[in-house]
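Below: run-v4.tsv (TSV, C-alpha atoms and all ligand atoms)
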chain	number	residue	atom	x	y	z
A	79	MET	CA	0.00	0.00	0.00
A	80	VAL	CA	1.22	3.53	-0.80
A	81	PRO	CA	2.37	5.30	2.40
A	82	PRO	CA	0.82	8.62	3.42
A	83	LEU	CA	2.73	11.74	2.45
A	84	ILE	CA	2.15	13.38	5.82
A	85	THR	CA	2.00	11.39	9.06
A	86	HIS	CA	2.32	13.89	11.93
A	87	LEU	CA	-1.17	15.36	11.26
A	88	TYR	CA	-4.32	14.03	9.67
A	89	THR	CA	-4.78	15.72	6.28
A	90	ALA	CA	-7.35	15.35	3.49
A	91	ASP	CA	-8.74	16.88	0.30
A	92	PRO	CA	-5.29	17.72	-1.14
A	93	SER	CA	-5.13	20.46	-3.76
A	94	ALA	CA	-1.66	20.38	-5.30
A	95	HIS	CA	-0.05	23.13	-7.38
A	96	VAL	CA	3.42	23.88	-8.69
A	97	PHE	CA	4.67	27.27	-7.55
A	98	ASN	CA	8.29	28.42	-7.89
A	99	GLY	CA	9.46	24.95	-8.98
A	100	LYS	CA	8.05	23.11	-5.94
A	101	ILE	CA	4.83	21.22	-5.30
A	102	TYR	CA	2.62	22.94	-2.72
A	103	VAL	CA	-0.22	20.96	-1.16
A	104	TYR	CA	-3.26	22.69	0.34
A	105	PRO	CA	-5.22	20.08	2.30
A	106	SER	CA	-7.92	20.07	4.94
A	107	HIS	CA	-6.53	19.50	8.45
A	108	ASP	CA	-8.61	16.72	10.04
A	109	ARG	CA	-8.88	16.48	13.82
A	110	GLU	CA	-10.44	14.29	16.51
A	111	THR	CA	-13.91	15.30	17.63
A	112	ASP	CA	-16.64	14.19	20.05
A	113	ILE	CA	-19.30	15.09	17.50
A	114	GLN	CA	-21.56	12.16	16.63
A	115	PHE	CA	-20.93	10.79	13.11
A	116	ASN	CA	-23.78	11.51	10.70
A	117	ASP	CA	-24.48	11.72	6.97
A	118	ASN	CA	-24.45	15.50	7.16
A	119	GLY	CA	-20.69	15.38	7.84
A	120	ASP	CA	-20.84	17.28	11.15
A	121	GLN	CA	-17.87	15.22	12.42
A	122	TYR	CA	-15.67	16.92	9.80
A	123	ASP	CA	-15.07	19.76	12.23
A	124	MET	CA	-11.79	21.24	11.02
A	125	ASN	CA	-10.66	24.62	12.30
A	126	ASP	CA	-7.41	25.52	10.53
A	127	TYR	CA	-5.25	24.89	7.47
A	128	HIS	CA	-1.58	23.96	7.14
A	129	VAL	CA	0.30	24.27	3.83
A	130	PHE	CA	2.92	21.70	2.79
A	131	SER	CA	5.59	21.68	0.09
A	132	THR	CA	8.03	19.25	-1.45
A	133	PRO	CA	10.76	19.71	-4.05
A	134	SER	CA	10.55	16.08	-5.18
A	135	ILE	CA	7.70	13.69	-5.71
A	136	ASP	CA	9.37	10.53	-6.95
A	137	PRO	CA	9.86	9.48	-4.24
A	138	PRO	CA	8.21	12.24	-2.20
A	139	ALA	CA	10.98	13.69	-0.09
A	140	LEU	CA	11.43	16.37	2.53
A	141	VAL	CA	7.77	17.35	2.83
A	142	THR	CA	7.81	20.62	4.74
A	143	ASP	CA	4.91	21.59	7.01
A	144	HIS	CA	4.81	25.39	6.80
A	145	GLY	CA	2.59	25.56	9.87
A	146	VAL	CA	-0.80	27.14	10.39
A	147	ALA	CA	-1.74	29.21	7.34
A	148	LEU	CA	-5.27	30.27	8.39
A	149	ARG	CA	-7.51	29.72	11.43
A	150	VAL	CA	-11.30	29.83	11.56
A	151	GLU	CA	-11.16	32.48	14.31
A	152	ASP	CA	-9.32	34.77	11.88
A	153	VAL	CA	-12.14	34.58	9.31
A	154	PRO	CA	-14.67	37.28	10.31
A	155	TRP	CA	-17.68	35.73	8.54
A	156	ALA	CA	-17.07	32.04	9.37
A	157	SER	CA	-18.33	29.95	12.27
A	158	LYS	CA	-16.92	26.43	11.71
A	159	GLN	CA	-15.95	23.58	9.39
A	160	LEU	CA	-13.02	24.63	7.24
A	161	TRP	CA	-13.50	22.02	4.50
A	162	ALA	CA	-11.59	21.32	1.29
A	163	PRO	CA	-9.55	24.35	0.08
A	164	ASP	CA	-7.71	25.25	-3.09
A	165	ALA	CA	-5.11	27.88	-4.02
A	166	ALA	CA	-4.25	30.02	-7.04
A	167	GLU	CA	-1.66	32.64	-7.95
A	168	ARG	CA	-2.17	35.80	-9.94
A	169	ASP	CA	0.27	38.71	-10.36
A	170	GLY	CA	2.40	37.53	-7.45
A	171	VAL	CA	-0.51	37.25	-4.99
A	172	TYR	CA	-1.47	33.82	-3.66
A	173	TYR	CA	-5.13	33.15	-2.98
A	174	LEU	CA	-6.54	30.46	-0.70
A	175	TYR	CA	-10.16	29.56	-1.50
A	176	PHE	CA	-11.98	27.74	1.26
A	177	PRO	CA	-15.50	26.75	2.31
A	178	ALA	CA	-16.86	27.28	5.82
A	179	ARG	CA	-20.22	27.71	7.45
A	180	ASP	CA	-21.24	31.31	7.97
A	181	LYS	CA	-22.79	32.52	11.24
A	182	GLU	CA	-26.19	31.18	10.06
A	183	GLY	CA	-24.76	27.72	9.34
A	184	ILE	CA	-24.84	28.14	5.54
A	185	PHE	CA	-21.74	27.02	3.63
A	186	ARG	CA	-20.04	29.87	1.73
A	187	ILE	CA	-16.72	30.19	-0.06
A	188	GLY	CA	-14.16	32.64	1.18
A	189	VAL	CA	-10.81	33.86	-0.01
A	190	ALA	CA	-7.63	34.72	1.87
A	191	ARG	CA	-4.53	36.37	0.44
A	192	ALA	CA	-0.77	36.03	0.93
A	193	ASP	CA	2.45	37.12	-0.71
A	194	LYS	CA	3.97	33.62	-0.49
A	195	PRO	CA	2.48	30.26	-1.52
A	196	GLU	CA	2.75	28.94	2.03
A	197	GLY	CA	1.02	31.94	3.58
A	198	PRO	CA	0.16	32.98	6.23
A	199	PHE	CA	-3.08	34.03	4.56
A	200	LYS	CA	-5.29	36.96	5.54
A	201	ALA	CA	-8.99	36.36	4.99
A	202	ASP	CA	-11.23	38.90	3.29
A	203	PRO	CA	-13.76	40.34	5.77
A	204	ASP	CA	-16.72	38.70	4.02
A	205	TYR	CA	-17.27	35.59	1.92
A	206	ILE	CA	-17.29	35.87	-1.89
A	207	PRO	CA	-20.63	37.51	-2.70
A	208	GLY	CA	-22.88	35.06	-4.53
A	209	SER	CA	-20.92	32.00	-3.32
A	210	TYR	CA	-22.44	28.95	-1.67
A	211	SER	CA	-21.81	25.25	-0.97
A	212	ILE	CA	-18.33	23.69	-0.71
A	213	ASP	CA	-15.16	22.37	-2.34
A	214	PRO	CA	-13.78	25.29	-4.37
A	215	ALA	CA	-11.25	24.47	-7.09
A	216	VAL	CA	-9.65	27.10	-9.31
A	217	LEU	CA	-8.25	26.72	-12.83
A	218	VAL	CA	-6.16	29.62	-14.13
A	219	ASP	CA	-6.61	29.15	-17.86
A	220	ASP	CA	-4.49	30.29	-20.82
A	221	VAL	CA	-7.36	31.03	-23.24
A	222	ALA	CA	-8.16	34.75	-23.07
A	223	VAL	CA	-11.68	36.05	-22.39
A	224	GLY	CA	-11.78	39.64	-23.69
A	225	ASP	CA	-9.08	41.58	-21.82
A	226	ASP	CA	-8.65	38.77	-19.32
A	227	ALA	CA	-5.54	36.96	-20.66
A	228	THR	CA	-5.45	34.34	-17.91
A	229	PRO	CA	-9.06	33.86	-16.80
A	230	ALA	CA	-9.52	32.10	-13.46
A	231	TYR	CA	-12.50	29.78	-13.11
A	232	LEU	CA	-13.94	28.75	-9.75
A	233	TYR	CA	-15.58	25.30	-9.64
A	234	PHE	CA	-17.58	24.30	-6.57
A	235	GLY	CA	-20.45	22.35	-5.06
A	236	GLY	CA	-21.20	19.34	-2.89
A	237	LEU	CA	-24.34	17.38	-2.01
A	238	TRP	CA	-25.83	16.42	1.39
A	239	GLY	CA	-23.73	18.19	4.08
A	240	GLY	CA	-22.32	20.40	1.32
A	241	GLN	CA	-25.82	21.88	0.78
A	242	LEU	CA	-25.76	22.03	-3.06
A	243	GLN	CA	-29.24	20.46	-3.17
A	244	CYS	CA	-30.60	23.59	-1.45
A	245	TYR	CA	-30.00	25.53	-4.71
A	246	GLN	CA	-32.20	23.70	-7.23
A	247	GLY	CA	-33.96	26.79	-8.54
A	248	THR	CA	-36.50	26.31	-11.28
A	249	SER	CA	-34.54	23.91	-13.50
A	250	GLY	CA	-34.33	21.11	-10.91
A	251	ARG	CA	-30.57	20.76	-11.51
A	252	GLY	CA	-30.19	24.27	-10.09
A	253	ASP	CA	-30.16	27.66	-11.78
A	254	GLY	CA	-26.89	28.68	-10.21
A	255	ASN	CA	-28.29	31.45	-8.07
A	256	ALA	CA	-27.40	31.84	-4.37
A	257	ASP	CA	-30.84	33.44	-3.85
A	258	SER	CA	-32.57	30.16	-4.71
A	259	TYR	CA	-31.53	28.73	-1.29
A	260	ASP	CA	-34.22	26.40	0.08
A	261	ALA	CA	-33.57	25.30	3.68
A	262	SER	CA	-36.09	22.46	3.41
A	263	TRP	CA	-33.42	20.52	1.46
A	264	LEU	CA	-30.80	20.72	4.24
A	265	GLY	CA	-29.34	17.38	5.31
A	266	PRO	CA	-28.34	14.19	3.46
A	267	LYS	CA	-30.84	14.68	0.62
A	268	GLU	CA	-30.71	15.04	-3.15
A	269	PRO	CA	-33.10	14.85	-6.10
A	270	THR	CA	-34.26	11.37	-7.05
A	271	GLY	CA	-36.85	9.62	-9.18
A	272	GLU	CA	-37.81	8.85	-12.77
A	273	GLY	CA	-36.58	11.58	-15.14
A	274	ALA	CA	-34.72	13.58	-12.48
A	275	GLU	CA	-31.35	14.92	-13.68
A	276	ALA	CA	-28.33	14.89	-11.37
A	277	MET	CA	-27.50	18.20	-9.72
A	278	GLY	CA	-24.71	19.95	-11.60
A	279	PRO	CA	-21.50	21.29	-10.08
A	280	ARG	CA	-21.03	25.04	-10.51
A	281	VAL	CA	-18.52	27.21	-12.36
A	282	VAL	CA	-17.96	30.94	-12.50
A	283	ARG	CA	-15.14	33.17	-13.76
A	284	LEU	CA	-13.45	35.25	-11.08
A	285	SER	CA	-12.95	38.96	-11.56
A	286	PRO	CA	-9.50	39.64	-13.09
A	287	SER	CA	-9.22	42.81	-11.01
A	288	ASP	CA	-10.28	41.18	-7.73
A	289	MET	CA	-9.97	37.43	-7.31
A	290	GLY	CA	-12.40	37.72	-4.37
A	291	GLN	CA	-15.32	38.71	-6.62
A	292	LEU	CA	-17.30	36.88	-9.29
A	293	ALA	CA	-17.11	38.33	-12.81
A	294	GLU	CA	-20.44	36.88	-13.99
A	295	PRO	CA	-23.46	34.84	-12.85
A	296	VAL	CA	-22.72	31.32	-11.60
A	297	ARG	CA	-23.40	28.59	-14.17
A	298	THR	CA	-24.46	24.97	-13.71
A	299	ILE	CA	-22.23	22.38	-15.39
A	300	GLN	CA	-23.74	19.53	-17.35
A	301	ILE	CA	-22.09	16.10	-17.17
A	302	LEU	CA	-23.39	14.02	-20.06
A	303	ALA	CA	-23.72	10.26	-20.34
A	304	PRO	CA	-21.70	9.16	-23.41
A	305	GLU	CA	-24.31	6.58	-24.45
A	306	THR	CA	-27.18	9.11	-24.67
A	307	GLY	CA	-25.56	12.55	-24.87
A	308	LYS	CA	-28.02	13.56	-22.14
A	309	PRO	CA	-27.29	14.68	-18.55
A	310	ILE	CA	-26.52	11.91	-16.09
A	311	ALA	CA	-29.59	10.87	-14.09
A	312	ALA	CA	-29.95	11.79	-10.41
A	313	ASP	CA	-30.27	8.12	-9.47
A	314	ASP	CA	-27.09	7.11	-11.34
A	315	HIS	CA	-25.01	7.18	-8.15
A	316	ASP	CA	-22.04	5.45	-9.81
A	317	ARG	CA	-21.57	8.47	-12.09
A	318	ARG	CA	-23.42	11.51	-10.75
A	319	PHE	CA	-21.48	14.45	-9.32
A	320	PHE	CA	-21.41	14.51	-5.51
A	321	GLU	CA	-18.47	16.72	-4.43
A	322	ALA	CA	-14.69	17.28	-4.81
A	323	ALA	CA	-14.59	19.17	-8.13
A	324	TRP	CA	-11.21	19.47	-9.81
A	325	MET	CA	-10.26	20.81	-13.22
A	326	HIS	CA	-7.04	20.18	-15.09
A	327	LYS	CA	-6.12	20.74	-18.68
A	328	ARG	CA	-3.95	18.56	-20.90
A	329	ASN	CA	-3.30	19.03	-24.62
A	330	GLY	CA	-6.10	21.63	-24.77
A	331	LEU	CA	-8.70	19.21	-23.34
A	332	TYR	CA	-10.50	20.14	-20.09
A	333	TYR	CA	-10.71	17.30	-17.56
A	334	PHE	CA	-13.40	17.81	-14.91
A	335	SER	CA	-13.03	15.24	-12.12
A	336	TYR	CA	-15.14	14.62	-9.02
A	337	SER	CA	-16.26	12.23	-6.30
A	338	THR	CA	-19.47	10.21	-6.55
A	339	GLY	CA	-19.91	10.39	-2.75
A	340	ASP	CA	-21.92	7.44	-1.50
A	341	THR	CA	-20.48	5.12	-4.20
A	342	HIS	CA	-16.95	6.36	-3.39
A	343	TYR	CA	-15.47	6.69	-6.90
A	344	LEU	CA	-13.30	9.42	-8.34
A	345	CYS	CA	-14.55	9.94	-11.90
A	346	TYR	CA	-13.71	12.27	-14.74
A	347	ALA	CA	-15.44	13.80	-17.72
A	348	THR	CA	-13.91	15.82	-20.57
A	349	GLY	CA	-14.91	18.79	-22.68
A	350	THR	CA	-13.54	21.44	-25.00
A	351	GLY	CA	-14.09	24.51	-22.79
A	352	PRO	CA	-14.01	25.53	-19.11
A	353	TYR	CA	-17.81	25.65	-18.74
A	354	GLY	CA	-18.52	22.23	-20.22
A	355	PRO	CA	-20.59	20.35	-21.06
A	356	PHE	CA	-18.33	17.49	-20.07
A	357	THR	CA	-18.88	13.93	-21.23
A	358	TYR	CA	-18.40	11.22	-18.63
A	359	ARG	CA	-15.28	9.23	-19.43
A	360	GLY	CA	-14.49	6.85	-16.58
A	361	ARG	CA	-13.05	6.30	-13.12
A	362	MET	CA	-9.63	7.43	-11.97
A	363	LEU	CA	-9.68	5.93	-8.46
A	364	GLU	CA	-11.64	3.04	-6.98
A	365	PRO	CA	-13.04	3.33	-3.40
A	366	VAL	CA	-10.42	3.85	-0.70
A	367	VAL	CA	-10.43	3.11	3.04
A	368	GLY	CA	-12.90	5.60	4.56
A	369	TRP	CA	-16.14	7.16	3.29
A	370	THR	CA	-14.88	10.22	1.44
A	371	THR	CA	-12.61	10.43	-1.57
A	372	HIS	CA	-11.17	13.68	-2.88
A	373	HIS	CA	-8.23	14.62	-5.06
A	374	SER	CA	-6.27	16.90	-7.34
A	375	VAL	CA	-4.27	16.31	-10.52
A	376	VAL	CA	-1.05	18.17	-11.20
A	377	GLU	CA	1.74	18.06	-13.78
A	378	PHE	CA	5.24	18.26	-12.36
A	379	GLU	CA	8.44	17.96	-14.39
A	380	GLY	CA	6.55	16.41	-17.32
A	381	ARG	CA	4.75	13.71	-15.30
A	382	TRP	CA	1.20	13.68	-13.96
A	383	TYR	CA	0.21	12.95	-10.36
A	384	LEU	CA	-3.03	12.19	-8.54
A	385	PHE	CA	-3.08	13.51	-4.98
A	386	HIS	CA	-5.85	11.93	-2.91
A	387	HIS	CA	-6.55	10.72	0.62
A	388	ASP	CA	-7.67	7.66	2.53
A	389	SER	CA	-8.25	6.71	6.17
A	390	SER	CA	-5.74	3.86	6.42
A	391	LEU	CA	-3.42	5.65	8.88
A	392	SER	CA	-6.28	6.13	11.38
A	393	GLY	CA	-7.41	2.51	10.98
A	394	GLY	CA	-10.48	3.46	8.95
A	395	VAL	CA	-11.88	6.46	10.84
A	396	SER	CA	-13.61	8.34	8.01
A	397	HIS	CA	-12.96	11.86	9.30
A	398	LEU	CA	-9.26	11.19	10.12
A	399	ARG	CA	-7.64	10.99	6.72
A	400	SER	CA	-4.15	11.13	5.21
A	401	VAL	CA	-2.92	12.55	1.93
A	402	LYS	CA	-1.29	10.23	-0.61
A	403	VAL	CA	0.08	10.63	-4.12
A	404	LYS	CA	0.42	8.32	-7.13
A	405	GLU	CA	1.50	8.84	-10.70
A	406	ILE	CA	-1.16	8.62	-13.41
A	407	PHE	CA	-0.83	8.16	-17.16
A	408	TYR	CA	-2.82	8.91	-20.31
A	409	ASN	CA	-3.28	6.66	-23.31
A	410	ALA	CA	-3.14	7.96	-26.87
A	411	ALA	CA	-6.89	8.73	-26.81
A	412	GLY	CA	-6.48	10.87	-23.65
A	413	ASP	CA	-8.06	8.41	-21.21
A	414	ILE	CA	-6.54	8.39	-17.72
A	415	VAL	CA	-4.91	5.02	-17.07
A	416	SER	CA	-2.96	3.59	-14.13
A	417	GLU	CA	-0.05	2.13	-16.15
A	418	PRO	CA	1.89	3.70	-19.04
A	419	GLU	CA	0.72	2.51	-22.43
A	420	ALA	CA	3.10	-0.06	-23.93
B	501	LIG	O1	-13.19	17.35	4.22
B	501	LIG	C1	-14.56	17.64	4.33
B	501	LIG	C2	-15.30	17.15	3.12
B	501	LIG	O2	-15.10	15.76	2.95
B	501	LIG	C3	-14.83	17.74	1.82
B	501	LIG	O3	-15.23	19.05	1.63
B	501	LIG	C4	-15.41	16.76	0.89
B	501	LIG	O4	-14.96	16.84	-0.42
B	501	LIG	C5	-15.03	15.45	1.56
B	501	LIG	O5	-13.73	15.05	1.26
Could I get this structure in the form of structure tokens?
Amino acid sequence: MVPPLITHLYTADPSAHVFNGKIYVYPSHDRETDIQFNDNGDQYDMNDYHVFSTPSIDPPALVTDHGVALRVEDVPWASKQLWAPDAAERDGVYYLYFPARDKEGIFRIGVARADKPEGPFKADPDYIPGSYSIDPAVLVDDVAVGDDATPAYLYFGGLWGGQLQCYQGTSGRGDGNADSYDASWLGPKEPTGEGAEAMGPRVVRLSPSDMGQLAEPVRTIQILAPETGKPIAADDHDRRFFEAAWMHKRNGLYYFSYSTGDTHYLCYATGTGPYGPFTYRGRMLEPVVGWTTHHSVVEFEGRWYLFHHDSSLSGGVSHLRSVKVKEIFYNAAGDIVSEPEA
């Protein structure tokens, strides 16, 4: 079995990026809790972030813990549950995107800023206006949009405890609007039944002049079944989006990957633009020890790596997870495969 990358803390939801020639990992920091386990995820009661870096990944060596980068008490709008974060760089400023519950218990996405990839980060006084739900992931793209030469796209959303199902709007899959919040859907619930489409993850371009603001209305992403060309059904739990959005780009193709939650797969779908639609393509990780699965994909020195987590170090305690890394490969058609093509 692959050993964890970090063993002195429990860490999860790793978002990996290459900054200044090193890999930086932005994970959740899991901790012990007395909170009763439930399907709303209340036991995932994290209250700070650490940032890690390594100059070498094969084998991973000299992983540095840069210490506490942000604490929940230093986020004016947040009350609890610092869940899966991501980071991005623009014009020499490093941004940490993170979900947390606001003072009313509603998940929002916040941003914190630093002048170094490892932080410490200073949180904006309020969450990103118009943001909701969990699991932010940012792609800084190289295809210009108007004057925006390197547009940054924020992907987010998560079902059940992540509250995405509270934003169904009029379309059923969700109309992308934070004002459509419906508290009657709180808890481990999601759309189901004949003809119901799966909820879509969300995407929105960030403002090029202020990475803490949205540049446009939030859009709902469609993930299409290859056999029909139609959106994946809500009851197709082996393939429907649940949480853990990640976007990477290879050879001009956009790879949107995600967790299927209660069926515990990491899947991916591909498309020709940042907004989708994306066509379901397959699995990139089978279920691991523990309930959740979450990941990132990063290219480093010409090779591709999948950062993920499992609960093997804690003996299977789902909310005490550890970050791992493995190399991944692509075949000639662009499918993600676990061994290099012969
Ligand atoms: O770490 C808390 C939550 O568990 C994340 O936000 C989800 O993606 C799942 O990994």
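Each of A:Pro81, A:Gly235, A:Gly224, A:Pro198 was checked against ligand LIG 501 (chain B) using only C-alpha atoms and all ligand atoms; the smallest atom-to-atom distance is that of A:Gly235.
Residue nearest A:Ala222 within the list A:Gly360, A:Pro418, A:Gly412, A:Pro286: A:Pro286 [criterion: smallest interatomic distance, all atoms listed in the file].
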Chain A residues near ligand LIG 501 (chain B) within 8 Å, closest pair each, using all atoms listed in the file, as a Markdown table:
| residue | atom | partner | partner_atom | distance |
| --- | --- | --- | --- | --- |
| A:Ala90 | CA | B:LIG501 | O1 | 6.2 |
| A:Asp91 | CA | B:LIG501 | O5 | 5.4 |
| A:Ser106 | CA | B:LIG501 | O1 | 6.0 |
| A:Asp108 | CA | B:LIG501 | O1 | 7.4 |
| A:Gly119 | CA | B:LIG501 | C2 | 7.4 |
| A:Tyr122 | CA | B:LIG501 | C1 | 5.6 |
| A:Met124 | CA | B:LIG501 | O1 | 8.0 |
| A:Gln159 | CA | B:LIG501 | C1 | 7.9 |
| A:Leu160 | CA | B:LIG501 | C1 | 7.7 |
| A:Trp161 | CA | B:LIG501 | O3 | 4.5 |
| A:Ala162 | CA | B:LIG501 | O3 | 4.3 |
| A:Pro163 | CA | B:LIG501 | O3 | 7.9 |
| A:Pro177 | CA | B:LIG501 | O3 | 7.7 |
| A:Ile212 | CA | B:LIG501 | O3 | 6.1 |
| A:Asp213 | CA | B:LIG501 | O3 | 5.2 |
| A:Gly236 | CA | B:LIG501 | O4 | 7.2 |
| A:Gly240 | CA | B:LIG501 | O3 | 7.2 |
| A:Glu321 | CA | B:LIG501 | O4 | 5.3 |
| A:Ala322 | CA | B:LIG501 | O4 | 4.4 |
| A:Ser337 | CA | B:LIG501 | O4 | 7.6 |
| A:Thr370 | CA | B:LIG501 | O5 | 5.0 |
| A:Thr371 | CA | B:LIG501 | O5 | 5.5 |
| A:His372 | CA | B:LIG501 | O5 | 5.1 |
| A:His397 | CA | B:LIG501 | O1 | 7.5 |
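Counting all atoms listed in the file and comparing A:Glu405, A:Glu196, A:Asp226, A:Asp340, the residue that lies closest to A:Tyr173 is A:Glu196.
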Fewer than 5 positions away in the same chain doesn't count, so skip those; otherwise give me all residues within 10 Å of A:Glu272, counting only C-alpha atoms, as a PyMOL selection string.
-> chain A and resi 311-313
Extract, using only C-alpha atoms, all DNA, RNA and protein residues at most 10 Å from A:Gly290, discarding same-chain residues fewer than 2 positions from it, and format them as a list in words.
-> Tyr173, Tyr175, Ile187, Gly188, Val189, Ala190, Arg191, Asp202, Asp204, Tyr205, Ile206, Pro207, Leu284, Ser285, Pro286, Ser287, Asp288, Leu292 and Ala293 of chain A
Using all atoms listed in the file, which of A:Lys402, A:His373, A:His386, A:Arg317 sits nearest A:Arg359?
-> A:Arg317
Polymer residues at most 10 Å from A:Pro352, all atoms listed in the file, same-chain spacing of 3 or more positions, as a list in words = Leu217, Asp219, Val221, Pro229, Ala230, Tyr231, Leu232, Tyr233, Val281, Val282, Arg283, Ile299, Met325, His326, Lys327, Leu331, Tyr332, Tyr333, Phe334, Thr348, Gly349, Pro355 and Phe356 of chain A
Please provide as a PDB file with C-alpha atoms, in the coordinates of the input all residues within 12 Å of A:His144, with the sequence filter that same-chain residues fewer than 5 positions apart are discarded (counting all atoms listed in the file).
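Output saved as out-v2.pdb:
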ATOM      1  CA  TYR A 102       2.620  22.940  -2.720  1.00  0.00           C
ATOM      2  CA  VAL A 103      -0.220  20.960  -1.160  1.00  0.00           C
ATOM      3  CA  TYR A 104      -3.260  22.690   0.340  1.00  0.00           C
ATOM      4  CA  TYR A 127      -5.250  24.890   7.470  1.00  0.00           C
ATOM      5  CA  HIS A 128      -1.580  23.960   7.140  1.00  0.00           C
ATOM      6  CA  VAL A 129       0.300  24.270   3.830  1.00  0.00           C
ATOM      7  CA  PHE A 130       2.920  21.700   2.790  1.00  0.00           C
ATOM      8  CA  SER A 131       5.590  21.680   0.090  1.00  0.00           C
ATOM      9  CA  THR A 132       8.030  19.250  -1.450  1.00  0.00           C
ATOM     10  CA  LYS A 194       3.970  33.620  -0.490  1.00  0.00           C
ATOM     11  CA  PRO A 195       2.480  30.260  -1.520  1.00  0.00           C
ATOM     12  CA  GLU A 196       2.750  28.940   2.030  1.00  0.00           C
ATOM     13  CA  GLY A 197       1.020  31.940   3.580  1.00  0.00           C
ATOM     14  CA  PRO A 198       0.160  32.980   6.230  1.00  0.00           C
ATOM     15  CA  PHE A 199      -3.080  34.030   4.560  1.00  0.00           C
TER      16      PHE A 199
END
Shortest contact to A:Arg297, candidates A:Val223, A:Ala256, A:Ile135, A:Val153, atoms counted only C-alpha atoms, goes to A:Ala256
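Closest approach to A:His387 from the set A:Gly145, A:Ile406, A:His342, A:Tyr353 is made by A:His342, with distances taken over only C-alpha atoms.
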Return stretch 375-379 of chain A, completed with all heavy atoms, as a compact mmCIF listing (two decimals), in the frame of the given file.
# COMPACT_ATOMS: atom_id res chain seq x y z
N VAL A 375 -5.17 16.83 -9.48
CA VAL A 375 -4.27 16.31 -10.52
C VAL A 375 -3.32 17.43 -10.88
O VAL A 375 -3.75 18.57 -11.11
CB VAL A 375 -5.06 15.87 -11.77
CG1 VAL A 375 -4.12 15.41 -12.87
CG2 VAL A 375 -6.06 14.77 -11.42
N VAL A 376 -2.02 17.12 -10.90
CA VAL A 376 -1.05 18.17 -11.20
C VAL A 376 0.07 17.61 -12.07
O VAL A 376 0.45 16.44 -11.94
CB VAL A 376 -0.50 18.78 -9.88
CG1 VAL A 376 0.35 17.78 -9.11
CG2 VAL A 376 0.27 20.07 -10.13
N GLU A 377 0.58 18.44 -12.97
CA GLU A 377 1.74 18.06 -13.78
C GLU A 377 2.98 18.63 -13.13
O GLU A 377 3.01 19.81 -12.74
CB GLU A 377 1.61 18.62 -15.20
CG GLU A 377 2.75 18.17 -16.10
CD GLU A 377 2.64 18.72 -17.52
OE1 GLU A 377 1.90 19.71 -17.73
OE2 GLU A 377 3.31 18.17 -18.42
N PHE A 378 4.00 17.80 -12.97
CA PHE A 378 5.24 18.26 -12.36
C PHE A 378 6.39 17.60 -13.11
O PHE A 378 6.45 16.37 -13.21
CB PHE A 378 5.27 17.87 -10.87
CG PHE A 378 6.49 18.36 -10.13
CD1 PHE A 378 6.78 19.71 -10.04
CD2 PHE A 378 7.34 17.45 -9.49
CE1 PHE A 378 7.90 20.16 -9.34
CE2 PHE A 378 8.45 17.89 -8.78
CZ PHE A 378 8.73 19.26 -8.71
N GLU A 379 7.27 18.43 -13.65
CA GLU A 379 8.44 17.96 -14.39
C GLU A 379 8.05 16.93 -15.46
O GLU A 379 8.67 15.86 -15.59
CB GLU A 379 9.49 17.41 -13.41
CG GLU A 379 10.01 18.52 -12.49
CD GLU A 379 11.00 18.05 -11.44
OE1 GLU A 379 11.08 16.84 -11.19
OE2 GLU A 379 11.68 18.93 -10.87
